file work09.cif (mmCIF, C-alpha atoms)
data_query
loop_
_atom_site.label_atom_id
_atom_site.label_comp_id
_atom_site.auth_asym_id
_atom_site.auth_seq_id
_atom_site.Cartn_x
_atom_site.Cartn_y
_atom_site.Cartn_z
CA MET S 3 -142.85 77.03 141.09
CA LYS S 4 -140.54 77.79 138.16
CA LEU S 5 -138.68 80.86 139.46
CA SER S 6 -137.61 82.23 142.85
CA ILE S 7 -136.35 85.83 142.96
CA ILE S 8 -134.19 86.45 146.04
CA ILE S 9 -133.82 90.04 147.27
CA PRO S 10 -131.43 90.81 150.14
CA THR S 11 -132.24 94.15 151.79
CA TYR S 12 -130.39 96.42 154.16
CA ASN S 13 -131.47 100.03 154.74
CA VAL S 14 -132.98 100.52 151.28
CA GLU S 15 -136.15 102.35 152.35
CA LYS S 16 -135.75 104.84 149.48
CA HIS S 17 -135.46 102.16 146.80
CA ILE S 18 -137.21 98.93 147.76
CA ARG S 19 -140.65 100.08 146.59
CA THR S 20 -139.35 100.52 143.03
CA THR S 21 -137.72 97.09 143.16
CA ILE S 22 -140.83 95.26 144.33
CA ASN S 23 -143.17 97.24 142.07
CA SER S 24 -141.15 96.14 139.04
CA LEU S 25 -142.00 92.55 140.05
CA ILE S 26 -145.66 93.24 140.85
CA VAL S 27 -146.28 94.43 137.27
CA GLN S 28 -144.70 91.40 135.59
CA SER S 29 -146.67 90.13 132.60
CA GLU S 30 -146.11 86.56 133.90
CA LYS S 31 -147.31 86.28 137.51
CA LYS S 32 -146.31 82.73 138.49
CA PHE S 33 -143.06 83.16 140.43
CA GLU S 34 -142.06 83.67 144.05
CA ILE S 35 -140.31 86.58 145.74
CA ILE S 36 -138.12 85.95 148.78
CA ILE S 37 -137.02 89.12 150.56
CA VAL S 38 -134.33 88.57 153.18
CA ASP S 39 -133.84 91.63 155.37
CA ASP S 40 -130.34 91.68 156.83
CA GLY S 41 -131.01 93.64 160.02
CA SER S 42 -132.15 96.96 158.54
CA THR S 43 -132.22 99.88 160.98
CA ASP S 44 -134.40 102.16 158.84
CA ASN S 45 -137.99 101.62 157.64
CA THR S 46 -137.21 98.94 155.05
CA ILE S 47 -139.09 96.16 156.87
CA GLU S 48 -142.17 98.33 157.45
CA ILE S 49 -142.26 99.42 153.81
CA VAL S 50 -141.90 95.85 152.52
CA SER S 51 -144.60 94.61 154.89
CA SER S 52 -147.00 97.33 153.78
CA ILE S 53 -146.37 96.61 150.08
CA ILE S 54 -147.07 92.91 150.61
CA ARG S 55 -150.21 93.72 152.54
CA GLU S 56 -151.55 96.42 150.19
CA SER S 57 -150.74 94.51 147.01
CA LYS S 58 -152.04 91.22 148.44
CA LEU S 59 -148.90 89.43 147.25
CA SER S 60 -149.43 85.74 147.93
CA ASN S 61 -146.14 84.83 146.25
CA CYS S 62 -143.92 87.08 148.42
CA GLU S 63 -142.24 86.13 151.70
CA LEU S 64 -140.32 88.46 154.01
CA ILE S 65 -137.60 86.87 156.14
CA THR S 66 -135.81 88.92 158.81
CA LYS S 67 -132.40 88.10 160.26
CA VAL S 68 -129.63 89.71 162.28
CA ASN S 69 -127.09 91.61 160.22
CA GLY S 70 -124.56 89.28 158.62
CA GLY S 71 -123.89 90.83 155.24
CA VAL S 72 -125.33 90.51 151.76
CA SER S 73 -123.76 87.10 151.13
CA SER S 74 -125.36 85.52 154.20
CA ALA S 75 -128.72 87.03 153.24
CA ARG S 76 -128.54 85.58 149.73
CA ASN S 77 -127.59 82.16 151.15
CA VAL S 78 -130.67 82.24 153.39
CA GLY S 79 -132.72 82.93 150.26
CA ILE S 80 -131.11 80.02 148.39
CA ARG S 81 -132.01 77.62 151.18
CA LYS S 82 -135.59 78.90 151.24
CA ALA S 83 -136.17 78.98 147.46
CA SER S 84 -138.58 76.41 146.03
CA GLY S 85 -138.27 77.50 142.40
CA LYS S 86 -136.65 75.39 139.73
CA TYR S 87 -134.61 78.48 138.91
CA ILE S 88 -133.12 81.18 141.16
CA MET S 89 -132.44 84.83 140.46
CA PHE S 90 -130.78 87.42 142.73
CA LEU S 91 -131.92 91.03 142.70
CA ASP S 92 -130.49 93.74 144.94
CA GLY S 93 -132.90 95.87 146.95
CA ASP S 94 -132.21 99.02 144.94
CA ASP S 95 -132.34 97.50 141.45
CA TYR S 96 -135.35 96.77 139.27
CA VAL S 97 -136.35 94.73 136.22
CA ALA S 98 -138.20 95.02 132.91
CA LYS S 99 -141.91 94.18 132.85
CA ASN S 100 -141.36 91.11 130.65
CA LEU S 101 -138.42 89.65 132.61
CA VAL S 102 -140.19 86.53 133.92
CA GLN S 103 -141.98 85.91 130.62
CA CYS S 104 -138.68 86.01 128.69
CA ILE S 105 -137.06 83.60 131.14
CA TYR S 106 -139.95 81.14 130.95
CA GLU S 107 -139.81 81.16 127.16
CA LYS S 108 -136.16 80.03 127.30
CA ILE S 109 -136.70 77.22 129.82
CA ALA S 110 -139.94 75.90 128.30
CA TYR S 111 -138.26 73.20 126.22
CA SER S 112 -134.91 72.54 127.87
CA ASP S 113 -133.28 72.80 131.29
CA ARG S 114 -130.59 75.45 130.95
CA ASP S 115 -128.00 75.69 133.71
CA ILE S 116 -127.90 79.48 133.40
CA ILE S 117 -129.93 82.08 131.51
CA CYS S 118 -128.40 85.57 131.26
CA PHE S 119 -129.38 88.87 129.65
CA GLY S 120 -128.43 92.52 129.32
CA CYS S 121 -128.36 94.93 132.26
CA ASP S 122 -128.20 98.72 132.01
CA ILE S 123 -126.48 100.82 134.68
CA VAL S 124 -128.73 103.68 135.75
CA ASP S 125 -128.69 106.45 138.34
CA GLU S 126 -131.18 106.90 141.17
CA ASN S 127 -133.49 108.81 138.82
CA LYS S 128 -133.51 105.91 136.31
CA ALA S 129 -131.38 107.83 133.81
CA ILE S 130 -129.10 105.49 131.87
CA ILE S 131 -125.42 105.82 132.72
CA LYS S 132 -124.27 102.86 130.62
CA ASN S 133 -126.35 100.99 128.08
CA TYR S 134 -125.32 97.33 128.10
CA PHE S 135 -125.38 96.88 124.32
CA ASP S 136 -123.37 100.04 123.74
CA ILE S 137 -120.50 98.23 125.48
CA PHE S 138 -121.07 94.53 124.91
CA GLU S 139 -122.10 92.45 121.92
CA LYS S 140 -125.47 91.11 120.91
CA GLY S 141 -125.91 87.66 119.40
CA GLN S 142 -124.11 85.66 122.10
CA GLY S 143 -126.81 82.95 121.88
CA GLU S 144 -126.08 79.51 123.29
CA MET S 145 -122.75 78.68 124.89
CA THR S 146 -120.99 76.67 127.57
CA GLY S 147 -119.77 78.12 130.85
CA ILE S 148 -116.18 78.12 129.59
CA ASP S 149 -117.32 79.99 126.47
CA ALA S 150 -118.97 82.58 128.72
CA LEU S 151 -115.85 82.92 130.89
CA ASN S 152 -113.73 83.48 127.80
CA ASN S 153 -116.20 86.12 126.63
CA ILE S 154 -116.06 87.88 130.01
CA ILE S 155 -112.38 87.49 130.98
CA ASN S 156 -110.55 87.29 127.66
CA HIS S 157 -112.70 88.84 124.92
CA LYS S 158 -114.51 91.32 127.21
CA ASN S 159 -117.58 91.26 124.94
CA MET S 160 -119.98 90.14 127.68
CA TRP S 161 -120.65 90.73 131.38
CA ILE S 162 -122.95 89.22 133.99
CA TYR S 163 -124.21 91.39 136.85
CA THR S 164 -125.85 90.10 140.05
CA GLY S 165 -129.33 90.60 138.64
CA SER S 166 -128.67 89.63 135.03
CA ALA S 167 -128.57 85.85 135.37
CA VAL S 168 -130.89 83.04 136.41
CA TYR S 169 -129.48 79.78 137.78
CA ARG S 170 -131.00 76.30 137.85
CA ASN S 171 -131.53 75.53 141.53
CA GLU S 172 -130.49 71.88 141.32
CA PHE S 173 -127.35 72.83 139.38
CA LEU S 174 -126.21 75.15 142.20
CA THR S 175 -126.98 72.49 144.84
CA GLN S 176 -125.14 69.73 142.99
CA ARG S 177 -122.03 71.89 142.62
CA GLY S 178 -122.24 73.33 146.15
CA ILE S 179 -122.18 76.90 144.88
CA ASN S 180 -123.21 79.66 147.26
CA TYR S 181 -121.98 83.06 148.43
CA THR S 182 -118.90 83.40 150.67
CA GLN S 183 -120.05 84.45 154.14
CA GLY S 184 -118.78 87.88 155.20
CA CYS S 185 -117.79 89.01 151.70
CA VAL S 186 -119.52 92.29 150.80
CA ASN S 187 -117.75 93.29 147.56
CA GLY S 188 -116.80 91.05 144.66
CA GLU S 189 -119.00 88.27 146.07
CA ASP S 190 -121.12 88.41 142.91
CA GLN S 191 -118.11 87.94 140.62
CA GLU S 192 -116.92 85.00 142.70
CA PHE S 193 -120.35 83.33 142.63
CA THR S 194 -120.87 83.91 138.92
CA ILE S 195 -117.45 82.67 137.82
CA LYS S 196 -117.69 79.55 139.98
CA ALA S 197 -121.12 78.76 138.51
CA LEU S 198 -119.91 79.37 134.94
CA ALA S 199 -116.98 77.02 135.51
CA TRP S 200 -119.43 74.09 135.76
CA ALA S 201 -122.25 75.19 133.47
CA LYS S 202 -122.80 73.08 130.37
CA ASP S 203 -125.79 74.85 128.87
CA ILE S 204 -126.14 78.66 128.90
CA ILE S 205 -128.29 80.92 126.80
CA PHE S 206 -128.03 84.69 126.49
CA ILE S 207 -131.18 86.75 125.86
CA ASP S 208 -130.51 89.75 123.60
CA SER S 209 -132.59 92.17 125.70
CA VAL S 210 -132.00 94.48 128.64
CA LEU S 211 -134.14 92.94 131.39
CA CYS S 212 -132.44 94.31 134.51
CA TYR S 213 -131.41 97.76 135.73
CA TYR S 214 -128.50 98.16 138.13
CA VAL S 215 -128.85 101.36 140.16
CA GLN S 216 -125.54 103.09 140.89
CA ARG S 217 -126.01 104.94 144.18
CA GLU S 218 -123.75 107.75 145.39
CA THR S 219 -123.68 106.16 148.86
CA SER S 220 -122.91 102.60 147.71
CA ILE S 221 -119.69 100.83 148.71
CA SER S 222 -118.42 101.25 145.15
CA ASN S 223 -118.67 105.05 145.45
CA SER S 224 -117.09 105.63 148.84
CA TYR S 225 -113.95 105.33 150.94
CA ASN S 226 -114.52 101.92 152.44
CA ILE S 227 -111.75 99.40 152.98
CA LYS S 228 -114.33 96.61 152.67
CA ARG S 229 -114.36 97.36 148.95
CA PHE S 230 -111.08 95.37 148.84
CA ASP S 231 -113.07 92.24 149.69
CA THR S 232 -113.16 91.95 145.91
CA ILE S 233 -109.42 91.11 145.84
CA ALA S 234 -109.86 88.27 148.32
CA ALA S 235 -112.90 87.11 146.32
CA LEU S 236 -110.97 87.03 143.05
CA THR S 237 -108.07 85.23 144.76
CA ARG S 238 -110.46 82.52 145.98
CA THR S 239 -111.95 82.39 142.50
CA TYR S 240 -108.78 81.81 140.51
CA LYS S 241 -107.64 79.16 143.00
CA TYR S 242 -111.04 77.48 142.68
CA LEU S 243 -110.66 77.33 138.89
CA GLU S 244 -107.14 75.93 139.19
CA ASN S 245 -108.35 73.15 141.48
CA ILE S 246 -110.93 71.94 138.95
CA GLY S 247 -108.05 70.73 136.81
CA SER S 248 -109.27 71.84 133.38
CA ALA S 249 -106.58 73.26 131.09
CA GLU S 250 -108.98 75.92 129.77
CA LEU S 251 -110.04 76.97 133.26
CA THR S 252 -106.41 77.08 134.41
CA THR S 253 -105.65 79.51 131.57
CA ILE S 254 -108.60 81.69 132.64
CA ALA S 255 -107.41 81.47 136.26
CA LYS S 256 -104.00 82.85 135.23
CA LYS S 257 -105.70 85.78 133.49
CA ILE S 258 -107.69 86.55 136.65
CA LYS S 259 -104.54 86.29 138.80
CA ASN S 260 -102.17 88.25 136.57
CA GLN S 261 -104.53 90.89 135.23
CA HIS S 262 -108.08 90.97 136.61
CA ILE S 263 -106.96 91.21 140.25
CA VAL S 264 -104.54 94.03 139.47
CA ASP S 265 -107.14 95.94 137.43
CA ASN S 266 -109.65 95.68 140.31
CA TYR S 267 -107.09 96.67 142.94
CA ILE S 268 -105.96 99.76 141.02
CA TYR S 269 -109.58 100.76 140.39
CA ASN S 270 -110.53 100.47 144.07
CA PHE S 271 -107.31 102.14 145.24
CA ASP S 272 -107.98 105.08 142.91
CA CYS S 273 -111.57 105.36 144.18
CA CYS S 274 -110.25 105.71 147.73
CA LEU S 275 -107.65 108.25 146.61
CA ASP S 276 -110.37 110.18 144.84
CA TYR S 277 -112.34 110.40 148.08
CA ILE S 278 -109.23 111.63 149.93
CA TYR S 279 -108.56 114.19 147.18
CA LYS S 280 -112.10 115.59 147.49
CA THR S 281 -112.23 115.69 151.29
CA CYS S 282 -108.70 116.41 152.52
CA GLU S 283 -105.09 116.71 151.39
CA LEU S 284 -103.76 114.01 149.06
CA SER S 285 -100.08 113.30 149.69
CA LYS S 286 -97.44 110.59 149.63
CA GLU S 287 -98.27 110.05 153.30
CA SER S 288 -101.97 109.49 152.59
CA PHE S 289 -100.96 107.00 149.87
CA LYS S 290 -98.86 105.07 152.38
CA ASN S 291 -101.57 105.22 155.04
CA LEU S 292 -104.18 103.87 152.63
CA TYR S 293 -101.91 101.01 151.57
CA ALA S 294 -101.09 100.21 155.21
CA GLU S 295 -104.80 100.12 156.07
CA ILE S 296 -105.49 97.72 153.19
CA GLU S 297 -102.50 95.55 154.11
CA GLY S 298 -103.65 95.42 157.73
CA ALA S 299 -107.14 94.29 156.73
CA TYR S 300 -106.04 91.91 153.96
CA PRO S 301 -102.44 90.80 154.60
CA LEU S 302 -102.58 87.69 152.40
CA SER S 303 -104.44 89.44 149.57
CA SER S 304 -101.97 92.34 149.61
CA LYS S 305 -99.06 89.95 149.08
CA GLU S 306 -100.97 88.30 146.21
CA VAL S 307 -101.60 91.67 144.59
CA ILE S 308 -97.98 92.83 144.78
CA SER S 309 -96.88 89.50 143.29
CA SER S 310 -99.45 89.88 140.48
CA MET S 311 -98.34 93.46 139.84
CA ARG S 312 -94.74 92.34 139.39
CA ASN S 313 -95.95 89.76 136.87
CA TYR S 314 -98.63 91.91 135.27
CA LYS S 315 -99.57 90.51 131.86
CA GLY S 316 -102.32 92.94 130.91
CA LYS S 317 -102.22 94.85 127.62
CA ASN S 318 -103.77 97.99 129.11
CA ILE S 319 -100.92 100.50 128.88
CA LYS S 320 -102.63 102.88 131.29
CA ILE S 321 -102.86 100.18 134.01
CA LEU S 322 -99.31 99.00 133.29
CA PHE S 323 -98.02 102.57 133.77
CA LYS S 324 -99.95 102.87 137.04
CA VAL S 325 -98.57 99.53 138.26
CA LYS S 326 -95.00 100.66 137.60
CA MET S 327 -95.60 103.90 139.49
CA PHE S 328 -97.39 102.11 142.32
CA LEU S 329 -94.45 99.78 142.86
CA ASN S 330 -91.64 102.26 142.31
CA SER S 331 -92.81 105.83 142.87
CA PRO S 332 -95.88 106.57 145.03
CA ALA S 333 -94.97 110.28 144.89
CA LEU S 334 -95.24 110.28 141.07
CA TYR S 335 -98.48 108.27 141.32
CA ILE S 336 -99.98 110.92 143.61
CA TRP S 337 -98.73 113.81 141.46
CA ILE S 338 -100.26 112.42 138.26
CA PHE S 339 -103.47 111.48 140.06
CA SER S 340 -103.82 115.02 141.43
CA LEU S 341 -103.01 116.56 138.06
CA LYS S 342 -105.66 114.43 136.35
CA ASN S 343 -108.29 115.56 138.87
CA LYS S 344 -107.32 119.22 138.53
CA ILE S 345 -107.73 118.96 134.76
CA LYS S 346 -111.17 117.39 135.26
CA VAL S 347 -112.25 120.29 137.46
CA MET S 348 -110.93 122.83 134.92
CA ARG S 349 -112.82 121.14 132.09
CA ARG S 350 -116.05 121.16 134.08
CA GLY S 351 -115.57 124.85 134.74
CA ASN S 352 -115.28 125.56 131.01
CA ILE S 353 -118.45 123.70 130.07
#
call {"tool": "encode", "arguments": {"input": "work09.cif", "output": "structure tokens"}}
result
Amino acid sequence: MKLSIIIPTYNVEKHIRTTINSLIVQSEKKFEIIIVDDGSTDNTIEIVSSIIRESKLSNCELITKVNGGVSSARNVGIRKASGKYIMFLDGDDYVAKNLVQCIYEKIAYSDRDIICFGCDIVDENKAIIKNYFDIFEKGQGEMTGIDALNNIINHKNMWIYTGSAVYRNEFLTQRGINYTQGCVNGEDQEFTIKALAWAKDIIFIDSVLCYYVQRETSISNSYNIKRFDTIAALTRTYKYLENIGSAELTTIAKKIKNQHIVDNYIYNFDCCLDYIYKTCELSKESFKNLYAEIEGAYPLSSKEVISSMRNYKGKNIKILFKVKMFLNSPALYIWIFSLKNKIKVMRRGNI
């Protein structure tokens, strides 16, 4: 078997049929699907079972387990996979009809460590929110893992989503790369960056082959303190790069520590504030309560973030301004945040 596609599922009864159907219609049929259900409490398991039965999928296996999080589910899939290459696809995403064919064409003559490709962000009705190649560059071609990390972290002309990369199974095993148990946000960035740190041979396919569905109810669109798992994940990641001992990777690690972590923290903090603004009163007190809740859940990460904010090296003036306000004037931070949202509402009303 050349390719194993691992799909962790948890309460995705409204989406999983689209995901699996996008694999059923592949132009190249010789691959395996491993669905790892992470303790769903809805009808996900029944729907998957019926699809396998009705479609007579001989290359699809459903594994059920007690709830342990998306990372543990993916790790179960890695251990079960028999394919020479492994791909991860979330249970609400889907792929292009020629995905497997395109991958096989790239691995036909050489063993790449990683194959990656474009991924559009779409809504639940499949309408495109962000077209990958409207944001990032074509023509990336062949590169090393360090080249890819520079493209992602420094040049920002490339990105790899969970479902937009394929990894050589033996490469992951040799380097001991898997998902951090218990991490539910940022686990994909951590996995990808660690893999890229060791990859010698990468090729980028200039096509959109994966579609990432942005759900209104996802962790990235809600008030959920677990979203700050991403800060702990990025902290583990930059320390991992430092420990490898490469000068180039150490430079990338510093960029993650002094900019990427801060950017992610501010983004997630603002998402939580946005939820508070829409559902109740936003005040200096709610700012302090949110920060206290984050600090209580992630005491070590919070200290790392404050340290990184004080040494912020990013060139984004908007983020730099927010960092200064965050550290010195929460009241001003809240006032500007509220003003920005009021202006948004006014603009919508004039459309």
call {"tool": "residues_around", "arguments": {"input": "work09.cif", "residues": "Lys317 of chain S", "least_positions_apart": "3", "cutoff": "12 Å", "atoms": "all atoms listed in the file", "output": "PyMOL selection string"}}
result
chain S and resi 156+257+260-262+265+314+320-323
call {"tool": "residues_near_point", "arguments": {"input": "work09.cif", "point": "(-125.5, 72.3, 130.0)", "cutoff": "12 Å", "atoms": "all atoms listed in the file", "output": "ChimeraX atom specification"}}
result
/S:112-117,144-149,169-170,173,197-205
call {"tool": "closest_residue", "arguments": {"input": "work09.cif", "among": "S:Gly316, S:Ser304, S:Ile155, S:Ile162", "to": "Leu251 of chain S", "atoms": "only C-alpha atoms"}}
result
S:Ile155
call {"tool": "closest_atom_pairs", "arguments": {"input": "work09.cif", "of": "segment 192-231 of chain S", "to": "segment 15-24 of chain S", "cutoff": "12 Å", "atoms": "all atoms listed in the file", "output": "CSV"}}
result
residue,atom,partner,partner_atom,distance
S:Leu211,CA,S:Ser24,CA,10.9
S:Cys212,CA,S:Ser24,CA,10.0
S:Tyr213,CA,S:Thr21,CA,9.8
S:Tyr214,CA,S:Thr21,CA,10.6
S:Val215,CA,S:His17,CA,9.4
S:Gln216,CA,S:His17,CA,11.6
S:Arg217,CA,S:His17,CA,10.2
call {"tool": "atom_distance", "arguments": {"input": "work09.cif", "atom1": "atom CA of Val78 of chain S", "atom2": "atom CA of Val14 of chain S"}}
result
18.5 Å
call {"tool": "atom_distance", "arguments": {"input": "work09.cif", "atom1": "atom CA of Asp136 of chain S", "atom2": "atom CA of Lys99 of chain S"}}
result
21.5 Å
call {"tool": "closest_residue", "arguments": {"input": "work09.cif", "among": "S:Glu172, S:Glu306, S:Glu297, S:Glu218", "to": "Arg238 of chain S", "atoms": "all atoms listed in the file"}}
result
S:Glu306
call {"tool": "residues_near_point", "arguments": {"input": "work09.cif", "point": "(-133.1, 102.9, 159.0)", "cutoff": "9 Å", "atoms": "all atoms listed in the file", "output": "compact mmCIF listing (two decimals) with C-alpha atoms, in the frame of the given file"}}
result
# COMPACT_ATOMS: atom_id res chain seq x y z
CA TYR S 12 -130.39 96.42 154.16
CA ASN S 13 -131.47 100.03 154.74
CA VAL S 14 -132.98 100.52 151.28
CA GLU S 15 -136.15 102.35 152.35
CA SER S 42 -132.15 96.96 158.54
CA THR S 43 -132.22 99.88 160.98
CA ASP S 44 -134.40 102.16 158.84
CA ASN S 45 -137.99 101.62 157.64
CA THR S 46 -137.21 98.94 155.05
call {"tool": "resolve_selection", "arguments": {"input": "work09.cif", "expression": "the PyMOL selection byres ((chain S and resi 263) around 10)", "output": "list of chain:residue names"}}
result
S:Thr232, S:Ile233, S:Ala234, S:Ala235, S:Leu236, S:Thr237, S:Tyr240, S:Lys257, S:Ile258, S:Lys259, S:Asn260, S:Gln261, S:His262, S:Val264, S:Asp265, S:Asn266, S:Tyr267, S:Ile268, S:Tyr269, S:Ser303, S:Glu306, S:Val307, S:Ser310, S:Met311, S:Tyr314
call {"tool": "resolve_selection", "arguments": {"input": "work09.cif", "expression": "the PyMOL selection byres ((chain S and resi 180) around 7)", "output": "list in words"}}
result
Asn77, Gly178, Ile179, Tyr181, Thr182 and Phe193 of chain S
call {"tool": "atom_distance", "arguments": {"input": "work09.cif", "atom1": "atom CA of Leu334 of chain S", "atom2": "atom CA of Tyr300 of chain S"}}
result
24.9 Å
call {"tool": "resolve_selection", "arguments": {"input": "work09.cif", "expression": "the PyMOL selection byres ((chain S and resi 41) around 8)", "output": "ChimeraX atom specification"}}
result
/S:12,39-40,42-43,66-70
call {"tool": "write_last_selection", "arguments": {"input": "work09.cif", "atoms": "C-alpha atoms", "output": "CSV table (one decimal), in the frame of the given file"}}
result
chain,number,residue,atom,x,y,z
S,12,TYR,CA,-130.4,96.4,154.2
S,39,ASP,CA,-133.8,91.6,155.4
S,40,ASP,CA,-130.3,91.7,156.8
S,42,SER,CA,-132.2,97.0,158.5
S,43,THR,CA,-132.2,99.9,161.0
S,66,THR,CA,-135.8,88.9,158.8
S,67,LYS,CA,-132.4,88.1,160.3
S,68,VAL,CA,-129.6,89.7,162.3
S,69,ASN,CA,-127.1,91.6,160.2
S,70,GLY,CA,-124.6,89.3,158.6
call {"tool": "residues_around", "arguments": {"input": "work09.cif", "residues": "Tyr225 of chain S", "least_positions_apart": "6", "cutoff": "8 Å", "atoms": "only C-alpha atoms", "output": "mmCIF file with C-alpha atoms, keeping the file's coordinate frame"}}
result
data_model
loop_
_atom_site.group_PDB
_atom_site.id
_atom_site.type_symbol
_atom_site.label_atom_id
_atom_site.label_comp_id
_atom_site.auth_asym_id
_atom_site.auth_seq_id
_atom_site.Cartn_x
_atom_site.Cartn_y
_atom_site.Cartn_z
ATOM 1 C CA CYS S 273 -111.570 105.360 144.180
ATOM 2 C CA CYS S 274 -110.250 105.710 147.730
ATOM 3 C CA TYR S 277 -112.340 110.400 148.080
ATOM 4 C CA ILE S 278 -109.230 111.630 149.930
#
call {"tool": "closest_residue", "arguments": {"input": "work09.cif", "among": "S:Thr252, S:Ser6, S:Gln183, S:Ser288", "to": "Gly79 of chain S", "atoms": "only C-alpha atoms"}}
result
S:Ser6
call {"tool": "residues_around", "arguments": {"input": "work09.cif", "residues": "Ser51 of chain S", "least_positions_apart": "4", "cutoff": "8 Å", "atoms": "all atoms listed in the file", "output": "PyMOL selection string"}}
result
chain S and resi 47+55+64
call {"tool": "closest_residue", "arguments": {"input": "work09.cif", "among": "S:Pro301, S:Val186, S:Gln142, S:Phe328", "to": "Ile154 of chain S", "atoms": "only C-alpha atoms"}}
result
S:Gln142
